[in-house]
Each structure stands twice: as structure tokens, then as C-alpha cells.
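Colleague: Here you go, one structure.
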Amino acid sequence: MIRLFPVALLFLAGSAFAATSPECLSCHERDTPAAVARWRASAHAGTVGCVDCHGSDHEAMTAGAARVDTAVCGRCHERAFQQHVASRHGMGLHSGWGCTRTLPRRDPRECRFCHEEGSTLPKSTVHCARFLAQSSEMGEIGCNRCHQVESSCASCHTSHGTDLAIVRRPEICATCHMGPDHPQWEMWQTSRHGVLYSAGGETAGPSCQGCHMPAGSHNVSAGITMTSGMDLLPADERSRQREKMLDICASCHPRESSRRELARGDAVREQSVALVDRAAETIRRLNDRNLLRPSPEERPPHPLSGQQLVLDSQMLYENLSRAERLFFKMKKYDLAKAVKGAYHQNPAYAHWYGNAELKLTLSEIESEAALLDRVAGMNEHGAGPPNPDSRLAGLEQRLQELKRRYERGGMTLDEYTAEKARVLEAVRSSAP
Amino acid sequence: MIRLFPVALLFLAGSAFAATSPECLSCHERDTPAAVARWRASAHAGTVGCVDCHGSDHEAMTAGAARVDTAVCGRCHERAFQQHVASRHGMGLHSGWGCTRTLPRRDPRECRFCHEEGSTLPKSTVHCARFLAQSSEMGEIGCNRCHQVESSCASCHTSHGTDLAIVRRPEICATCHMGPDHPQWEMWQTSRHGVLYSAGGETAGPSCQGCHMPAGSHNVSAGITMTSGMDLLPADERSRQREKMLDICASCHPRESSRRELARGDAVREQSVALVDRAAETIRRLNDRNLLRPSPEERPPHPLSGQQLVLDSQMLYENLSRAERLFFKMKKYDLAKAVKGAYHQNPAYAHWYGNAELKLTLSEIESEAALLDRVAGMNEHGAGPPNPDSRLAGLEQRLQELKRRYERGGMTLDEYTAEKARVLEAVRSSAP
Amino acid sequence: MIRLFPVALLFLAGSAFAATSPECLSCHERDTPAAVARWRASAHAGTVGCVDCHGSDHEAMTAGAARVDTAVCGRCHERAFQQHVASRHGMGLHSGWGCTRTLPRRDPRECRFCHEEGSTLPKSTVHCARFLAQSSEMGEIGCNRCHQVESSCASCHTSHGTDLAIVRRPEICATCHMGPDHPQWEMWQTSRHGVLYSAGGETAGPSCQGCHMPAGSHNVSAGITMTSGMDLLPADERSRQREKMLDICASCHPRESSRRELARGDAVREQSVALVDRAAETIRRLNDRNLLRPSPEERPPHPLSGQQLVLDSQMLYENLSRAERLFFKMKKYDLAKAVKGAYHQNPAYAHWYGNAELKLTLSEIESEAALLDRVAGMNEHGAGPPNPDSRLAGLEQRLQELKRRYERGGMTLDEYTAEKARVLEAVRSSAP
């Protein structure tokens with residue numbers, strides 16, 4: 001899982017720290033004075049010099065191709081590095097995919113997107129479908145700015161400085177843990193925990209780090225019972241993690257009270273996922289009837305699945321029908337707000353931004369489906385008496401729908417055969 | 001209105017304060033050390049002990065059924081308690097309904113949802129339609145977390161601590177007064193008042209408390225001229241409250257200038273409500289023509305109104321047609337942003353989040369209505385020459401529409417009779 | 001460009017500062033004590049008195065018609081005033097229009113909205129289309145509260161105080177630079193720059209002023225390469241401004257690294273504008289086919305363009321078809337979030353709030369277009385065999401569509417003539 005970049009190798013091959021780097025400073029005191037000043041004021045000054053972290057390939061640095069990998073920092077900061085690697089932060093997010101090794105329902109073929117057969121080292125060329133469909137500039141600015149946390153301690157610690165007072169502030173987490181898809185920052189900030197922290201400091205209410213990095217641990221996933229896609233972890237792992245979180249709550253709250261509260265979050269997760277599943281089924285049925293426009297066949301192919309309807313975590317946000325566009329909002333935005341809002345004790349996120357939006361958007365999808373059905377029905381039957389041509393067209397459409405539904409696993413072969421026979425018999429017996 | 005919980009009764013029956021509660025501390029110093037430490041550092045330490053507030057039914061406490069009621073605090077903090085009860089915070093919000101006693105246009109039958117005939121005590125079993133349609137977990141996390149303020153001083157003061165410096169900070173109000181339905185926190189924070197407070201403290205700009213809790217008053221409704229549903233208070237009450245607010249503004253602003261500014265807010269309220277009313281009328285007419293899908297008749301029944309179209313403050317956010325889903329956004333989210341944004345002097349909320357969204361969403365509803373009308377018209381007339389069957393279906397539909405409109409009070413009996421006669425005559429005279 | 005208000009003229013005509021204004025204070029110490037106290041604590045106390053800034057027309061002041069113009073402050077604060085006038089802040093925004101003099105593709109007739117022929121003084125009666133369609137109260141609270149910055153130093157500095165520590169805080173910019181149409185405040189606040197500022201102060205991360213008002217400059221537009229409508233400045237001006245910004249970045253970042261980063265922003269701008277243009281073309285084609293409801297002809301006339309489809313910066317947000325309503329969101333909200341999010345280094349704004357919303361909303365517009373096309377096609381052809389009447393109606397509609405497309409510049413006269421001939425020939429040859 002750990003990738004050893006040239007810089008790291010160079011470093012590991014070295015035998016001692018270069019206390020200062022006078023040849024660097026001669027230019028950089030003039031060219032990047034703030035960076036140099038920050039290093040001078042840091043704990044690294046006098047012991048860890050420029051070359052120790054950056055290596056000596058100046059051309060690569062200028063080209064932006066010589067980032068300081070986590071493994072470089074890990075040589076000295078070993079415990080933090082190991083905790084980081086074991087956490088979701090160390091899980092290959094940099095590839096834009098996110099390791100699925102803890103997913104209970106994962107597709108084993110997924111491993112091959114990131115790994116050679118039999119290897120745990122990620123391949124550097126692998127990306128998620130959204131990343132693959134993205135421009136390189138937005139991929140860099142929009143995706144990798146956060147999904148570099150696997151390989152860059154500077155994601156949180158920033159470059160050159162070592163001021164722990166800064167990196168222990170909850171704001172540090174905000175840049176990545178915000179926005180429509182996972183607004184943990186916003187929901188913490190206005191939760192009771194957040195407002196008490198803001199009004200009275202760490203002793204009045206806990207920060208992000210207070211619950212997710214207790215005692216300075218870099219395993220930010222401890223105490224979390226679901227994957228980043230909100231699938232449940234296996235039951236035994238789940239209870240182990242729950243107990244860890246309850247230990248943290250216990251410094252302020254009676255254990256039974258916290259357990260009750262987190263169980264409410266579990267229920268909200270289950271109820272919210274059910275709303276998303278109901279919407280997905282509506283969309284699959286629209287696709288069975290070929291009512292999505294553009295249809296999956298009319299779109300540019302999905303980078304991983306080709307000309308297929310994709311509603312899972314690899315769903316794109318472009319070239320969608322309206323029903324899918326609404327579904328994307330439910331699955332990616334509203335669901336996260338409801339579930340994470342509940343666990344983070346933010347009523348407005350759990351309820352208004354989450355639950356109410358899930359239900360409003362599900363309504364909208366089903367209302368859209370009703371309209372598409374109605375328009376399609378008019379296409380088939382028109383206003384006048386049915387004519388033989390349109391009856392045949394309707395039959396063909398119905399058989400096509402059954403075929404699509406069968407092929408996506410929405411019915412068994414037996415059900416498919418029986419239903420097909422029923423449809424054909426109905427046509428035969430009603431023939432004039 | 002004040003409900004006396006068992007804990008309160010127990011307390012009121014007691015005769016003296018238990019200065020300490022050693023039998024509690026022996027366990028809780030170990031089990032909830034932070035809570036004990038906070039109490040020890042509070043003004044209550046040494047005078048008000050655990051049992052004084054929590055009572056002695058430990059089983060109920062562990063089950064989460066022994067919350068400390070406002071009446072318990074009110075025994076000592078009498079003035080604050082009375083002000084709280086007189087304000088919107090004390091109005092039975094906990095039941096999820098919100099007392100309607102100050103509403104000018106209220107339906108007298110509404111009282112019975114909360115009160116026995118002739119009683120001012122709320123019944124504990126009563127809830128709002130949204131709460132009734134909600135899962136118990138979301139009801140607890142999403143609704144009651146805020147709508148407990150009636151009966152819990154800890155809603156703002158937090159448990160065990162008595163640090164006034166914390167509770168006077170505006171952040172304290174944020175957890176409840178935020179989100180899509182009433183973002184007072186967000187709009188204050190970025191208003192001139194909020195940015196000056198943030199940049200220079202209370203002397204540079206007022207906090208929430210500065211205007212809504214002057215001199216520490218717990219009547220948070222003073223100076224407000226409308227109900228929480230944005231209906232106007234009766235005229236005389238309205239001017240009394242307006243003068244109260246102008247007294248507060250006067251410490252910084254010339255009275256005439258503030259009066260002008262608040263009058264602009266009044267105008268924005270009226271203009272915004274008119275946009276919502278226009279949308280409601282469009283939806284009622286769609287329902288008269290039976291064009292909403294799902295129709296009110298096809299849905300799970302509304303918990304209070306059954307199989308009816310509900311567009312008032314008891315409107316649900318589930319199983320709606322698209323037009324209603326958009327209307328919900330207008331009525332519950334956009335309207336609040338426009339009106340409260342204007343009174344709170346936040347241009348982006350008043351205009352972009354409020355006014356522009358009201359107009360954009362009204363456009364969308366009317367565009368949806370035009371499409372549904374068009375599709376329905378095609379159902380009736382098709383593309384070929386009208387045939388007698390579809391003409392009869394159209395007649396029946398038109399008569400049904402008139403009947404629905406009459407029944408909802410959209411036309412008088414005379415108008416209904418005359419219009420029905422006109423429709424029938426038109427069909428007769430055009431018959432081939 | 002600088003308007004000299006009566007107050008300013010009066011002031012300019014004066015010869016010396018009135019050190020104190022005892023006749024004002026005798027009432028105002030009682031009526032507006034906070035304002036007087038703030039003045040007493042300011043650098044102006046003892047040197048610049050009430051009349052020096054406000055003039056002596058007390059009736060106009062009470063009526064709110066005697067605002068202190070920037071020119072009044074400019075008499076003493078000359079350098080800041082000149083920088084302000086040269087920047088976007090001084091560009092006639094107060095009129096609600098925004099000067100277009102730097103726009104590469106501007107329509108020369110636009111000048112006449114603000115200026116008499118041959119004059120650079122703005123006419124005071126001129127407004128933008130949105131302002132013209134707006135109620136006077138919302139115009140004041142929603143538009144002019146920010147678009148007064150041209151003529152009011154108090155927009156940022158607030159009234160009566162002169163505390164620079166306050167006005168150098170980034171919050172000061174928030175009230176105007178926030179919201180759906182330009183959330184610079186929100187995107188800075190959660191960018192790395194913003195979180196470092198928040199966690200460690202100005203030396204840890206730059207504030208708004210740090211990059212946009214370096215060394216206290218009041219030319220807030222320095223270093224920006226596009227207009228407020230996100231059109232590119234002319235190439236030479238663009239590179240001049242880019243170098244200015246790189247100078248600012250250089251205090252912390254290597255120049256090549258900043259240049260690469262800002263070039264990514266340029267690419268995101270171009271890609272985002274292309275998505276908006278694609279949506280505009282879809283809507284123009286819908287309008288060619290007369291499928292927008294309400295159609296531009298059915299609406300209240302646009303204040304500047306009358307009964308026309310308007311999709312440029314003068315687009316209204318009311319009485320739109322659904323496709324246009326969605327387009328408004330793309331053009332005014334999503335585009336700004338993508339582009340400004342990229343330049344401000346905020347991944348969630350650039351990507352999720354910006355790019356993903358642009359693509360999702362474009363999908364929705366195209367899906368809406370497909371549905372409208374389908375319904376229109378059914379109107380033309382129905383379900384039965386084509387009848388002569390509907391064929392003629394279809395022909396008329398197609399010719400109308402070509403005419404509209406030609407008239408809006410969507411095809412040349414030659415293309416129009418050729419296509420019209422082709423359509424007529426096709427009908428002729430298929431006639432029974």
C-alpha cells in the first residue's frame with residue numbers, strides 16, 4: 001500500500017540528516033522568503049534540512065513532480081505514520097478510487113483497478129470513473145487537492161511549519177471535509193459540540209480531533225462503523241468500533257445515553273438508505289422501459305462500465321436524464337447529510353438538509369416517472385382507437401422491458417419466461 | 001402551558017437544597033468525570049446538588065426519561081423563567097406543534113390538537129403532522145433536539161455549567177436557528193452586524209442576544225411583529241412590538257432610519273407572501289383538474305387532514321407531486337430567507353437566497369403547470385379530429401374540476417352553478 | 001465617473017475643518033449615543049466634525065438623502081480614493097449596472113444606459129434590468145446595500161469609527177462577497193488559505209486583504225484577469241494583471257508553482273464557460289421551436305430588451321420557463337462557484353458546488369429539452385396516421401423555427417434560404 005517515491009528512496013538511502021542546506025537558502029531566502037522563515041521557526045530548523053525532505057532533483061521540484069511523500073515523514077514520525085496508513089486517510093484515496101478492502105459487499109474485480117494480481121501496492125495509473133471523465137485541471141484542483149492525503153502529511157500539517165497549535169485546530173479539517181457530499185465541517189460547527197467549542201474552547205466542547213484523533217492518534221477511522229460509502233462494516237468489527245467511540249463519548253456523557261444516541265444514528269442510516277434504494281428501483285424500471293433521456297446507450301460510454309445504467313458509487317454526474325440527476329443528489333448529497341448529520345448531532349443537517357431533501361427529491365423522481373409513463377402511454381395508444389401498428393409497437397416495447405429487467409437481475413429466468421408467455425398470450429387472445 | 005414533570009414535582013415538594021450529593025459523586029466522578037468537573041466549577045457547586053435538579057429516580061435517568069424541566073430551574077431563576085414562558089421559546093414547541101394562540105387567522109379547532117376543551121395545559125400526546133409522519137429516531141434527533149426548548153433550559157445553557165460568558169455568545173443560538181427553514185444564524189453572521197461583531201466584538205456590532213435578549217431578558221420574542229409562520233400579529237400588538245425593537249436599534253441608529261429600514265422588511269414580507277400565494281393558487285388549480293401525481297387521493301393519508309391537498313403550515317415533505325415539492329421549497333425555505341434576511345439586514349439572503357429563489361421557483365411551478373396542462377390537453381383531444389368519446393371524457397373532467405374548486409372554497413355556490421350551466425350549454429350547442 | 005453630491009460640493013467649498021460640532025452633539029449624545037461615542041473614540045475626534053462630512057441640511061439627513069459620498073473622504077484620503085475609483089469598487093456599481101468599459105465584447109450602446117453622449121459622468125436614473133424589475137424595497141435592501149460601494153467608504157469602514165484593526169479583518173468583505181452568485185467569502189474561509197488564517201492568524205494564511213489589497217492598496221481589482229461577468233480581459237492587460245498576482249503569491253509560493261495553479265484556474269474558466277454556452281444553445285433552439293413556456297412573447301416585457309429571449313448578464317430571474325430557470329442557476333451561480341472556487345483554491349467549490357452542478361444542471365436542461373421535443377412531436381403527429389391538417393401545422397412550425405433562428409443570428413441568410421427551400425421541397429415531394 002505504501003508507495004516509495006524516488007524522494008523517499010533517496011532519503012532512506014541517506015545515512016544522516018543534513019543539518020542545514022546553505023546552497024538552497026542562498027536563492028530561496030530571496031525567492032520564497034515566507035517558506036524559509038516558516039522552516040526557520042519550526043522544530044525542523046537545524047536538524048532537518050531542505051534536501052532531507054525534498055531530495056536534490058531541482059528540475060522535478062520545479063515541475064511539481066517531487067512532492068514529499070508520507071513515507072519521508074514516517075522515517076522519524078513512525079507511530080503517526082503507521083496509524084495514518086491503517087486509517088481511511090491512508091487507503092489509496094490518492095488514486096481517486098478509495099480502497100474497498102473493508103467493504104462487505106465489494107466486487108473482487110475492483111481490486112484490479114488499483115492493484116496488480118497478488119500485489120498490495122497500488123498502481124499509479126488508476127482512477128475512479130469520475131476522475132477519468134474529468135479534465136486534468138479539475139482533476140488536480142477538484143479531486144487530488146484532497147485525495148492526496150494518503151501520500152502527503154502536508155495535507156493537514158501544511159508545508160515547512162511544525163506548529164502543533166495550528167494543526168490541532170478543527171479548521172484544519174475543513175477544506176476537505178466540507179461541501180455538499182460530506183459537510184462534516186459545517187455540521188460540527190453548528191452542532192452543540194461545535195458551538196460550545198467556539199464559545200468556550202476545547203474544554204467546553206470537542207473539536208474534530210477531540211473525537212476522531214483522541215490522544216493525538218492518526219487513525220482517524222477509529223470508532224466509525226461504516227465505510228465512506230455508508231455500507232455497514234461486518235458486525236463484529238462494527239461493535240468493536242462502536243465501543244471505541246463510546247469510550248470517547250464517556251469523558252462527558254453517560255455511556256447508556258451515548259449508546260442510545262448512536263443507535264438513533266444507525267436507524268437514520270438504515271431509513272435513509274431505504275429511501276435511496278426506492279429511488280434507484282424507480283429509475284431502473286424507467287430504464288427497463290427505455291424512458292430515460294438520454295438513455296445509457298445514447299451517452300458517451302461510462303469509463304468503467306461502458307453503455308450501462310450506473311447508479312452505484314461510480315455513478316457519473318454528467319449526461320444524465322433528469323431522474324438520474326435527481327438521484328445523484330439523493331445518493332451523494334442528501335444521504336450523507338442525513339446520516340452524518342445524525343451521528344454528528346446536528347438537527348438541521350439530519351432533518352432538513354438530509355431527511356426532508358431525501359423525501360422531497362424522491363417525490364420529484366416519482367413524479368417525473370409518472371409524467372414519463374404518461375407521455376409514453378400516449379405514444380403507444382394515442383387518443384383515438386388503438387390501431388394495429390401501435391399495438392404491435394407496444395408489445396415489442398413490453399417484451400424489451402422484460403428483457404432489460406431480467407438482464408439486470410431484476411427477475412429470475414423463471415419469472416422472465418412466465419411473464420413473457422403471459423404478455424404474448426394476452427396479445428393473442430385480444431387480437432381482432 | 002407549564003407542564004410539571006415528575007422531577008419538578010419532586011423538587012417543588014422538597015424543602016431545602018441538598019448542598020452535595022456524595023452518593024452520586026462516588027460513581028459519577030469515575031463514570032462522567034467531565035460532567036462532575038463542570039458542576040464543581042459552576043455557581044451551583046456547594047449549593048445545588050445532583051438530586052436537587054435530577055431527582056432520585058435513577059432508573060428513569062438511565063432510561064433518558066428524567067430530563068430536568070424548566071420549572072425546576074424556575075424555582076430559583078424566577079424572572080428568567082417567566083420571561084421564557086411568555087416568549088415563543090415557551091410556547092409548547094416541544095409538542096412539535098407550536099402554539100397558535102397569537103395567530104390572527106387560526107382555525108379554532110387547532111387548539112384541540114394540544115389542549116383538552118377548556119384547558120390551557122398541553123396534552124403530551126400531540127404532535128405536528130410532520131412529526132407524526134416521521135420515524136421516532138428522526139423525530140428525536142431532527143425535531144425534538146430543538147423543539148425541547150420549551151421544557152429545557154439546558155437547550156441553551158448546556159448541562160452542569162453556569163458560565164454566562166459562554167451562553168451570551170451568539171454561537172449558542174446557532175444549532176437551532178440555522179438551516180434552510182430559518183437561517184438566522186447564517187444571515188446574522190454575514191450581515192454588517194455579524195461581521196462587525198466578529199471583527200470587533202459586542203461593542204462593534206450586536207450579537208443575537210444584543211437585539212433579542214436586551215438586558216438579559218429571556219423573552220426572545222419582544223420586538224417581533226409576526227408569528228413564526230410569518231403571519232402578521234394584530235395591528236396594535238404589531239406597533240407595540242415595533243416600538244420595542246426601535247428602542248433597541250436606537251442605541252446605534254437614528255430612530256427614523258431604523259423605522260424606514262424595518263418598514264422595508266415589512267414590504268418584503270408582503271411581496272414575498274404574495275409570490276407564495278400565487279404558487280399555491282397554481283397548485284390548487286392543478287389539483288382541481290386532477291393533474292397532480294401522485295394525487296392527494298393516491299397518497300398515504302395526511303396525519304391530520306387525510307386525503308386532502310395540504311399547502312399550509314402542516315404540509316408534509318413526502319409523497320408530493322413535483323409542483324408541490326417546489327412549493328414546499330418556496331413556502332418553507334425561500335420565504336423565510338427573503339423575509340428574515342430583510343429584517344436581519346443581509347442582502348444576499350434577502351435577495352439571492354430569498355427573492356430570486358422565490359421567483360425562480362414560482363417560474364418553475366408555472367412552467368410545470370403549463371407542461372401538465374399541455375399533456376392533459378393531448379389526452380383529451382389527441383391529434384386527430386375530436387371523437388365523441390374523448391369529448392364526453394373532457395366534459396366529465398371539466399365538471400369534476402369545477403366541483404373540486406367549489407368544494408375547496410375557490411368559488412361561491414352561485415359562481416359554481418352558473419359556470420356549470422355554461423359548460424353544459426356549450427357542449428349541447430356544439431354537439432354534431 | 002465620480003459623482004459630486006451636494007454634500008461633497010458643500011464640503012469642497014468649505015475652507016477649514018470644523019473641529020467640533022456642539023450644536024449636533026447636544027441632541028445626538030442623547031439620540032444616537034453609540035454613534036457619538038464611536039466618533040469620540042475615532043481618529044476624527046477633535047479634527048473632523050459632524051458637519052464636515054454630513055453637511056448641514058438636517059432635513060435631507062433625516063430623510064436618508066444625504067449619504068456621505070466617497071469624494072468627501074477623498075479630500076483627505078486622496079491615494080485610497082484614487083485607487084478605489086480605479087478599481088471595480090469604483091465602477092458605477094451603485095447604479096446597479098456596473099461599468100462595462102473594460103469588457104472586450106461590450107455593446108457600445110450599453111454606455112448610454114449610464115452616460116449622456118460624450119460624458120463620463122453616470123446618469124443617476126439608470127439601473128440594470130434586474131433592478132428595474134425589482135420592488136423599490138428589495139432594490140434598496142437587496143441590491144443597493146452592496147452596490148453602493150462606489151459612493152460610500154462606510155460600506156467597508158462603517159460609520160464614525162476609524163479602527164483599522166476592524167476593517168483589515170476579512171469578515172468585513174463577507175456581507176457583499178458571499179451568497180450563491182459569488183461566494184468568495186465562503187470559499188476563502190474553507191480554503192487552505194482561510195483555515196490557516198483562522199487557525200494561526202495572518203502570518204499563517206492570507207486574508208482577503210492580504211492578496212487583494214496588498215500594502216493597503218484600495219485597488220481591489222489588481223491581479224484579476226477577467227471581468228466581473230467572467231469575460232477575459234484583453235491579452236496584454238491579462239498578462240500584466242497575472243504578473244501582479246504572481247508577485248503577491250511569491251511571498252509564500254515559488255513563482256512557477258503559482259503560475260501553474262492559476263493556469264489551472266484559467267482552464268477551469270474556459271471549460272466552465274463552454275458548459276454554459278452549450279446550455280444556452282439548447283435553450284435558443286427550444287425558443288426557435290417555440291417550446292419555452294411562458295415564451296418570451298407571453299411574458300411581461302424585459303425592461304431593456306422587451307419581448308426577447310435574454311440569456312446574457314441582463315437575464316431576469318422571473319417569468320422564465322423551466323429550462324431558462326435552470327440556465328440561470330448555471331450561469332449566475334454554478335459558473336461563479338467553479339471558476340472563483342478554482343482561483344481561490346477551494347476544491348469543494350471548484351468541483352462539487354461548481355463543476356458537478358454545472359454538469360448536473362446541463363443534464364437537466366437537456367433532459368427537459370428532450371421531453372419538450374417529444375411532447376411537441378406528439379402534438380404534430382399524434383398516434384394515428386398523419387393527417388393533412390397536422391402536416392401543414394408542422395410545416396408552418398418548422399418554417400417559424402428557421403425564421404427565429406435566422407433572426408437571432410443562429411444561421412446566415414444563405415443558410416436560411418437554402419434550408420427553407422429544402423423544407424418546402426420535402427413537403428411538396430411527400431404530398432399524397
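Ordered as shown in the C-alpha cells, chains take letters A, B, and onward, while each chain numbers its residues from 1 and ligands are numbered from 1 in the order shown.
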Select, as number ranges by chain, those residues of chain C with any atom no more than 6 Å from chain A (distances computed using only C-alpha atoms).
Modeller: C: 190-191, 195, 199-200, 251-254, 264, 347-348, 350-351, 359-360, 363-364, 367, 383
Colleague: Could you tell me how far atom CA of Ala338 of chain A sits from atom CA of Thr225 of chain A, in Å to one decimal place?
Modeller: 15.8 Å
Colleague: From the options C:Gly394, C:Ser198, C:Ala274, C:Cys50, which residue's atoms come nearest to Val427 of chain C, counting only C-alpha atoms?
Modeller: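 Result for the nearest residue to Val427 of chain C: C:Gly394.
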Colleague: If you run DSSP on this backbone, which residues of segment 104-205 of chain B come out as helix (DSSP H, G or I), and could you give them as a ChimeraX atom specification?
Modeller: /B:108-114,129-132,136-144,149-151,154-157,164-167,171-174,184-189,192-200
Colleague: How many Å lie between atom CA of Leu413 of chain B and atom CA of Gln314 of chain B, rounded to one decimal?
Modeller: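 So the answer is 27.6 Å.
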Colleague: How far is it from atom CA of Arg428 of chain B to atom CA of Arg404 of chain B, in Å with one decimal?
Modeller: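 So the two atoms, atom CA of Arg428 of chain B and atom CA of Arg404 of chain B, lie 22.7 Å apart.
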